[in-house]
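Here's the structure, in structure tokens; my notes come after.
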Amino acid sequence: MAEAATGFLEQLKSCIVWSWTYLWTVWFFIVLFLVYILRVPLKINDNLSTVSMFLNTLTPKFYVALTGTSSLISGLILIFEWWYFRKYGTSFIEQVSVSHLRPLLGGVDNNSSNNSNSSNGDSDSNRQSVSECKVWRNPLNLFRGAEYNRYTWVTGREPLTYYDMNLSAQDHQTFFTCDSDHLRPADAIMQKAWRERNPQARISAAHEALEINESRVEVPLIASSTIWEIKLLPKCATAYILLAEEEATTIAEAEKLFKQALKAGDGCYRRSQQLQHHGSQYEAQHRRDTNVLVYIKRRLAMCARRLGRTREAVKMMRDLMKEFPLLSMFNIHENLLEALLELQAYADVQAVLAKYDDISLPKSATICYTAALLKARAVSDKFSPEAASRRGLSTAEMNAVEAIHRAVEFNPHVPKYLLEMKSLILPPEHILKRGDSEAIAYAFFHLAHWKRVEGALNLLHCTWEGTFRMIPYPLEKGHLFYPYPICTETADRELLPSFHEVSVYPKKELPFFILFTAGLCSFTAMLALLTHQFPELMGVFAKAFLSTLFAPLNFVMEKVESILPSSLWHQLTRI
């Protein structure tokens, strides 16, 4: 009984809400009826005739001024709406109407009743969005002194943004410093150097740290002995890292400095390895020395790759991954994939993908597009879109197309760079996964590998746009991955230089009010011009238009007057 009563009350409540929704139409017709009944006391006919006489006395100059002013005002609104949309991605009028006018008019968000039920789902989606928009260190980042600065010298443009360099400074402080740095003078200097904004100040601090390490100190040869020996302090590995990254103007110079850093860093690593279990301070120092050593070896492998010694680079990367298998933060496997593709060792590339292209591991454009390249390589040399449309796709071709669709869904910005529909720039030091910055970083190094595989770019060109027919729109859910995050455009604009046009996905449609104000501005400007040039003709046209517009209303009024008696008002007053 209780459930039946509850159901009846809910139906009654819904009926009342539905009736109130359509009550305004009844109110509208009542108002019209009262206006008609009161037309004689209100002298509506006389007022209308007075207004028509006033309008007939106006000169064409008034209409030119009226339409011109309307065109100017709508043009100013259009300019402001366009600027607001370009900056904030939404319409100002729509935002004001939703935020301020809807509450005044009694509008309620449709999702408000479900907030309590969907709070957990919203929090999960928010956490997913935050993780999707996390900025990552670019595993293939260039050298500042030998590559980024060279670009600045030639073009006069800065390839790195302040936001990107600030993130790099934070990474350096995280990886290359620890709480015990104040105990060693050179490390204390380098701790301040990583925080410096001025490149020359950082380089000077690195040289100062090396000069301190060149000083000699007297230490007892044997404990509790009066015999002393002269001993050199260990070299500062992080100082060599900074000089190799920022002062060296060629890759060869950077490699020499990294070799010196490796000698110093390896010694510090071995000493801290023996003392790591003596306390938390020694453990933190060992963790710092491990990060320094891994960074140096990875950059040495990248130097070898830049200098054409690719096999040596592959061996160094494999050894590094075996020696430190748990340090996945550097994403060394992406460096290894690029070097193996340069050697055209596709079987080894497949073996690396089998380990890292796992559903439980985070994806990247390098993994997804390399997997697509390997599958496209098997069929791309004989692929023809005309033949495929006649006979259909074979199993191997279907696998290749599905791999391309998977890669494009993960990062839809990459194909335009691989197909050279957009110009490339130097990749930033940090990337946003699934964003334009990751697409630039991938295409900068892997475009040559796609060109080397015959027909691979042709297959990509024929099939990549088919991905968007499979993805739901609007992007409320993904097909193979999570829904595409909405924060990529903002983060990419912070990471990429201002002279680069950021690729945006999905393309934002122009708001209705921008289109409306554009049409209104154009229409009123055209009316102003025609009224100024042909005043008499436009007057005839305006009268004909108004008479046609009010013809249905006059017809309805005549029918109503013929049905209702003319003395109805007097009869009502007598009653």
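Each chain in the structure tokens gets a letter, A, B, ..., in the order shown, and its residues are numbered from 1; ligands are numbered from 1 in order too.
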
Mind checking which residues fall within 10 Å of Lys235 of chain A, counting only C-alpha atoms, ignoring those fewer than 4 positions away in the same chain, and posting them as number ranges by chain? A: 186, 209-214, 239-240, 260-261, 263-265, 267-268

Export of prior selection with all heavy atoms as a compact mmCIF listing (two decimals), in the first residue's frame:
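Saved result, selection_23.txt, follows:
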# COMPACT_ATOMS: atom_id res chain seq x y z
N ALA A 186 80.33 21.61 -2.75
CA ALA A 186 80.00 21.62 -4.18
C ALA A 186 78.52 21.31 -4.41
O ALA A 186 77.86 21.95 -5.23
CB ALA A 186 80.88 20.60 -4.91
N ALA A 209 81.56 25.08 -8.52
CA ALA A 209 81.49 23.79 -7.83
C ALA A 209 82.66 22.90 -8.23
O ALA A 209 83.24 22.19 -7.38
CB ALA A 209 80.17 23.11 -8.13
N LEU A 210 83.07 22.93 -9.48
CA LEU A 210 84.20 22.11 -9.91
C LEU A 210 85.51 22.64 -9.36
O LEU A 210 86.42 21.86 -9.05
CB LEU A 210 84.26 22.08 -11.45
CG LEU A 210 83.12 21.30 -12.14
CD1 LEU A 210 83.26 21.41 -13.65
CD2 LEU A 210 83.15 19.84 -11.71
N GLU A 211 85.61 23.96 -9.22
CA GLU A 211 86.84 24.52 -8.65
C GLU A 211 86.99 24.13 -7.18
O GLU A 211 88.10 23.88 -6.70
CB GLU A 211 86.83 26.05 -8.78
CG GLU A 211 86.98 26.53 -10.23
CD GLU A 211 86.81 28.04 -10.33
OE1 GLU A 211 86.57 28.67 -9.28
OE2 GLU A 211 86.89 28.56 -11.46
N ILE A 212 85.88 24.06 -6.47
CA ILE A 212 85.95 23.64 -5.07
C ILE A 212 86.42 22.20 -4.98
O ILE A 212 87.23 21.83 -4.11
CB ILE A 212 84.56 23.80 -4.41
CG1 ILE A 212 84.24 25.28 -4.23
CG2 ILE A 212 84.51 23.08 -3.07
CD1 ILE A 212 82.89 25.53 -3.63
N ASN A 213 85.97 21.35 -5.88
CA ASN A 213 86.36 19.95 -5.83
C ASN A 213 87.82 19.73 -6.23
O ASN A 213 88.37 18.67 -5.96
CB ASN A 213 85.47 19.13 -6.78
CG ASN A 213 84.10 18.87 -6.19
OD1 ASN A 213 83.10 19.33 -6.71
ND2 ASN A 213 84.08 18.15 -5.07
N GLU A 214 88.41 20.72 -6.89
CA GLU A 214 89.82 20.57 -7.25
C GLU A 214 90.76 20.92 -6.10
O GLU A 214 91.96 20.74 -6.20
CB GLU A 214 90.13 21.46 -8.46
CG GLU A 214 89.48 20.96 -9.75
CD GLU A 214 89.76 21.89 -10.91
OE1 GLU A 214 90.38 22.94 -10.67
OE2 GLU A 214 89.35 21.56 -12.05
N ALA A 239 77.57 19.03 -11.55
CA ALA A 239 78.14 20.20 -12.22
C ALA A 239 78.49 19.87 -13.67
O ALA A 239 78.25 20.67 -14.58
CB ALA A 239 79.38 20.68 -11.46
N TYR A 240 79.07 18.70 -13.89
CA TYR A 240 79.35 18.29 -15.27
C TYR A 240 78.07 18.12 -16.07
O TYR A 240 78.02 18.42 -17.28
CB TYR A 240 80.13 16.97 -15.25
CG TYR A 240 81.59 17.12 -14.92
CD1 TYR A 240 82.14 16.49 -13.79
CD2 TYR A 240 82.45 17.87 -15.71
CE1 TYR A 240 83.47 16.62 -13.47
CE2 TYR A 240 83.79 18.00 -15.40
CZ TYR A 240 84.30 17.38 -14.28
OH TYR A 240 85.62 17.51 -13.97
N GLN A 260 83.02 12.59 -18.17
CA GLN A 260 83.61 13.02 -16.90
C GLN A 260 82.59 12.92 -15.77
O GLN A 260 82.93 12.53 -14.65
CB GLN A 260 84.11 14.46 -17.04
CG GLN A 260 85.32 14.60 -17.97
CD GLN A 260 85.75 16.05 -18.10
OE1 GLN A 260 85.16 16.83 -18.83
NE2 GLN A 260 86.79 16.42 -17.37
N ALA A 261 81.34 13.27 -16.08
CA ALA A 261 80.28 13.14 -15.08
C ALA A 261 80.06 11.68 -14.70
O ALA A 261 79.79 11.37 -13.53
CB ALA A 261 78.98 13.75 -15.61
N LYS A 263 82.32 9.30 -14.65
CA LYS A 263 83.42 8.88 -13.77
C LYS A 263 83.17 9.35 -12.34
O LYS A 263 83.35 8.59 -11.37
CB LYS A 263 84.74 9.43 -14.31
CG LYS A 263 85.96 8.97 -13.54
CD LYS A 263 87.24 9.51 -14.17
CE LYS A 263 88.46 9.06 -13.40
NZ LYS A 263 89.73 9.60 -13.99
N ALA A 264 82.74 10.59 -12.20
CA ALA A 264 82.47 11.13 -10.86
C ALA A 264 81.21 10.52 -10.26
O ALA A 264 81.18 10.14 -9.08
CB ALA A 264 82.34 12.65 -10.92
N GLY A 265 80.18 10.38 -11.05
CA GLY A 265 78.93 9.84 -10.54
C GLY A 265 79.02 8.38 -10.16
O GLY A 265 78.37 7.95 -9.19
N GLY A 267 81.66 6.85 -8.97
CA GLY A 267 82.34 6.77 -7.68
C GLY A 267 81.42 7.13 -6.52
O GLY A 267 81.40 6.44 -5.48
N CYS A 268 80.63 8.19 -6.68
CA CYS A 268 79.68 8.57 -5.63
C CYS A 268 78.63 7.48 -5.42
O CYS A 268 78.22 7.20 -4.28
CB CYS A 268 79.01 9.89 -5.99
SG CYS A 268 80.11 11.32 -5.99

Which neighbours of His446 of chain A fall inside 10 Å, counting only C-alpha atoms, when residues of the same chain fewer than 6 positions from it are skipped, and could you give them as a list in words? Leu337, Glu338, Leu341, Glu342, Thr366, Tyr369, Thr370, Leu418, Ile440 and Arg452 of chain A

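The space between atom CA of Ala448 of chain A and atom CA of Gln350 of chain A spans 18.4 Å.
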
Which residues are near Glu402 of chain A? Cut-off 12 Å, only C-alpha atoms, ignore same chain within fewer than 2 positions. Put them as a list in words. Cys368, Tyr369, Ala371, Ala372, Leu373, Lys375, Ala376, Leu393, Thr395, Ala396, Glu397, Met398, Asn399, Ala400, Ile404, His405, Arg406, Ala407, Val408, Glu409, Leu459, Leu460, Thr463, Trp464, Gly466, Thr467, Met470, His479 and Leu480 of chain A

Requested write-out: N, CA, C and O atoms of the selected residues, as an mmCIF file, in the first residue's frame:
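Final output, saved to out13.cif:
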data_model
loop_
_atom_site.group_PDB
_atom_site.id
_atom_site.type_symbol
_atom_site.label_atom_id
_atom_site.label_comp_id
_atom_site.auth_asym_id
_atom_site.auth_seq_id
_atom_site.Cartn_x
_atom_site.Cartn_y
_atom_site.Cartn_z
ATOM 1 N N CYS A 368 51.987 3.280 -29.206
ATOM 2 C CA CYS A 368 50.824 3.029 -30.066
ATOM 3 C C CYS A 368 51.179 3.159 -31.542
ATOM 4 O O CYS A 368 50.800 2.307 -32.360
ATOM 5 N N TYR A 369 51.906 4.202 -31.906
ATOM 6 C CA TYR A 369 52.218 4.410 -33.329
ATOM 7 C C TYR A 369 53.313 3.472 -33.817
ATOM 8 O O TYR A 369 53.345 3.127 -35.006
ATOM 9 N N ALA A 371 53.578 0.335 -32.765
ATOM 10 C CA ALA A 371 52.825 -0.892 -33.017
ATOM 11 C C ALA A 371 52.061 -0.803 -34.333
ATOM 12 O O ALA A 371 51.996 -1.775 -35.102
ATOM 13 N N ALA A 372 51.483 0.376 -34.631
ATOM 14 C CA ALA A 372 50.787 0.550 -35.907
ATOM 15 C C ALA A 372 51.753 0.482 -37.082
ATOM 16 O O ALA A 372 51.428 -0.085 -38.137
ATOM 17 N N LEU A 373 52.950 1.019 -36.912
ATOM 18 C CA LEU A 373 53.939 0.980 -37.993
ATOM 19 C C LEU A 373 54.360 -0.450 -38.307
ATOM 20 O O LEU A 373 54.515 -0.818 -39.489
ATOM 21 N N LYS A 375 52.611 -3.205 -37.896
ATOM 22 C CA LYS A 375 51.533 -3.911 -38.587
ATOM 23 C C LYS A 375 51.306 -3.347 -39.989
ATOM 24 O O LYS A 375 50.934 -4.089 -40.906
ATOM 25 N N ALA A 376 51.515 -2.049 -40.158
ATOM 26 C CA ALA A 376 51.377 -1.475 -41.495
ATOM 27 C C ALA A 376 52.503 -1.935 -42.413
ATOM 28 O O ALA A 376 52.307 -2.057 -43.629
ATOM 29 N N LEU A 393 39.085 -5.672 -47.361
ATOM 30 C CA LEU A 393 40.359 -5.736 -46.653
ATOM 31 C C LEU A 393 40.660 -7.170 -46.239
ATOM 32 O O LEU A 393 39.770 -7.898 -45.771
ATOM 33 N N THR A 395 42.828 -9.948 -43.786
ATOM 34 C CA THR A 395 42.996 -10.000 -42.331
ATOM 35 C C THR A 395 44.168 -9.142 -41.875
ATOM 36 O O THR A 395 44.078 -8.392 -40.890
ATOM 37 N N ALA A 396 45.288 -9.244 -42.594
ATOM 38 C CA ALA A 396 46.473 -8.451 -42.236
ATOM 39 C C ALA A 396 46.201 -6.965 -42.409
ATOM 40 O O ALA A 396 46.608 -6.135 -41.576
ATOM 41 N N GLU A 397 45.514 -6.583 -43.486
ATOM 42 C CA GLU A 397 45.185 -5.180 -43.701
ATOM 43 C C GLU A 397 44.219 -4.676 -42.638
ATOM 44 O O GLU A 397 44.338 -3.535 -42.167
ATOM 45 N N MET A 398 43.266 -5.511 -42.243
ATOM 46 C CA MET A 398 42.333 -5.116 -41.188
ATOM 47 C C MET A 398 43.062 -4.900 -39.868
ATOM 48 O O MET A 398 42.778 -3.942 -39.132
ATOM 49 N N ASN A 399 44.038 -5.760 -39.562
ATOM 50 C CA ASN A 399 44.821 -5.588 -38.341
ATOM 51 C C ASN A 399 45.619 -4.287 -38.383
ATOM 52 O O ASN A 399 45.728 -3.574 -37.370
ATOM 53 N N ALA A 400 46.165 -3.966 -39.555
ATOM 54 C CA ALA A 400 46.935 -2.725 -39.682
ATOM 55 C C ALA A 400 46.034 -1.505 -39.520
ATOM 56 O O ALA A 400 46.391 -0.536 -38.832
ATOM 57 N N ILE A 404 46.148 1.414 -36.614
ATOM 58 C CA ILE A 404 46.202 2.850 -36.904
ATOM 59 C C ILE A 404 45.059 3.578 -36.198
ATOM 60 O O ILE A 404 45.259 4.651 -35.613
ATOM 61 N N HIS A 405 43.862 2.993 -36.224
ATOM 62 C CA HIS A 405 42.733 3.614 -35.524
ATOM 63 C C HIS A 405 42.997 3.703 -34.027
ATOM 64 O O HIS A 405 42.655 4.703 -33.383
ATOM 65 N N ARG A 406 43.610 2.671 -33.484
ATOM 66 C CA ARG A 406 43.936 2.686 -32.046
ATOM 67 C C ARG A 406 44.925 3.805 -31.735
ATOM 68 O O ARG A 406 44.766 4.534 -30.736
ATOM 69 N N ALA A 407 45.943 3.950 -32.564
ATOM 70 C CA ALA A 407 46.947 4.988 -32.330
ATOM 71 C C ALA A 407 46.352 6.385 -32.488
ATOM 72 O O ALA A 407 46.630 7.284 -31.687
ATOM 73 N N VAL A 408 45.499 6.557 -33.507
ATOM 74 C CA VAL A 408 44.905 7.873 -33.735
ATOM 75 C C VAL A 408 43.948 8.229 -32.607
ATOM 76 O O VAL A 408 43.860 9.397 -32.205
ATOM 77 N N GLU A 409 43.235 7.247 -32.071
ATOM 78 C CA GLU A 409 42.356 7.543 -30.944
ATOM 79 C C GLU A 409 43.160 7.976 -29.726
ATOM 80 O O GLU A 409 42.744 8.871 -28.989
ATOM 81 N N LEU A 459 49.156 4.349 -46.423
ATOM 82 C CA LEU A 459 48.134 3.632 -45.661
ATOM 83 C C LEU A 459 47.590 4.509 -44.539
ATOM 84 O O LEU A 459 46.374 4.532 -44.283
ATOM 85 N N LEU A 460 48.461 5.239 -43.875
ATOM 86 C CA LEU A 460 48.015 6.146 -42.817
ATOM 87 C C LEU A 460 47.112 7.230 -43.390
ATOM 88 O O LEU A 460 46.071 7.578 -42.810
ATOM 89 N N THR A 463 43.512 5.925 -44.101
ATOM 90 C CA THR A 463 42.710 5.284 -43.049
ATOM 91 C C THR A 463 42.584 6.080 -41.763
ATOM 92 O O THR A 463 41.691 5.775 -40.956
ATOM 93 N N TRP A 464 43.427 7.092 -41.512
ATOM 94 C CA TRP A 464 43.453 7.673 -40.169
ATOM 95 C C TRP A 464 42.177 8.449 -39.844
ATOM 96 O O TRP A 464 41.728 8.476 -38.696
ATOM 97 N N GLY A 466 39.196 7.704 -40.608
ATOM 98 C CA GLY A 466 38.112 6.804 -40.262
ATOM 99 C C GLY A 466 37.980 6.559 -38.775
ATOM 100 O O GLY A 466 36.946 6.056 -38.316
ATOM 101 N N THR A 467 39.000 6.918 -38.018
ATOM 102 C CA THR A 467 38.949 6.740 -36.561
ATOM 103 C C THR A 467 37.808 7.546 -35.952
ATOM 104 O O THR A 467 37.131 7.095 -35.026
ATOM 105 N N MET A 470 34.360 6.202 -35.434
ATOM 106 C CA MET A 470 34.184 5.177 -34.417
ATOM 107 C C MET A 470 34.082 5.759 -33.013
ATOM 108 O O MET A 470 33.555 5.127 -32.112
ATOM 109 N N HIS A 479 36.520 4.839 -27.199
ATOM 110 C CA HIS A 479 36.289 3.558 -27.868
ATOM 111 C C HIS A 479 37.234 2.497 -27.315
ATOM 112 O O HIS A 479 36.807 1.474 -26.786
ATOM 113 N N LEU A 480 38.528 2.754 -27.412
ATOM 114 C CA LEU A 480 39.531 1.836 -26.873
ATOM 115 C C LEU A 480 40.244 2.410 -25.655
ATOM 116 O O LEU A 480 40.848 1.662 -24.888
#

Shell around Ser437 of chain A at 8 Å using only C-alpha atoms, local window under 3 positions removed, as a list of chain:residue names: A:Pro427, A:Pro428, A:His430, A:Ile431, A:Leu432, A:Lys433, A:Ile440, A:Ala441, A:Asp492, A:Leu495, A:Leu496

Ile79 of chain A environment, 12 Å, only C-alpha atoms, sequence neighbours closer than 3 positions dropped, as a list in words: Leu72, Ile73, Ser74, Gly75, Leu76, Trp82, Trp83, Tyr84, Phe85, Arg86, Ser91, Phe92, Phe513, Ile514, Leu515, Thr517, Ala518 and Cys521 of chain A

Could you please write out, as a ChimeraX atom specification, every residue of segment 159-323 of chain A that DSSP assigns to alpha helix (DSSP H)? /A:162-176,185-193,199-213,237-242,251-275,280-306,310-323
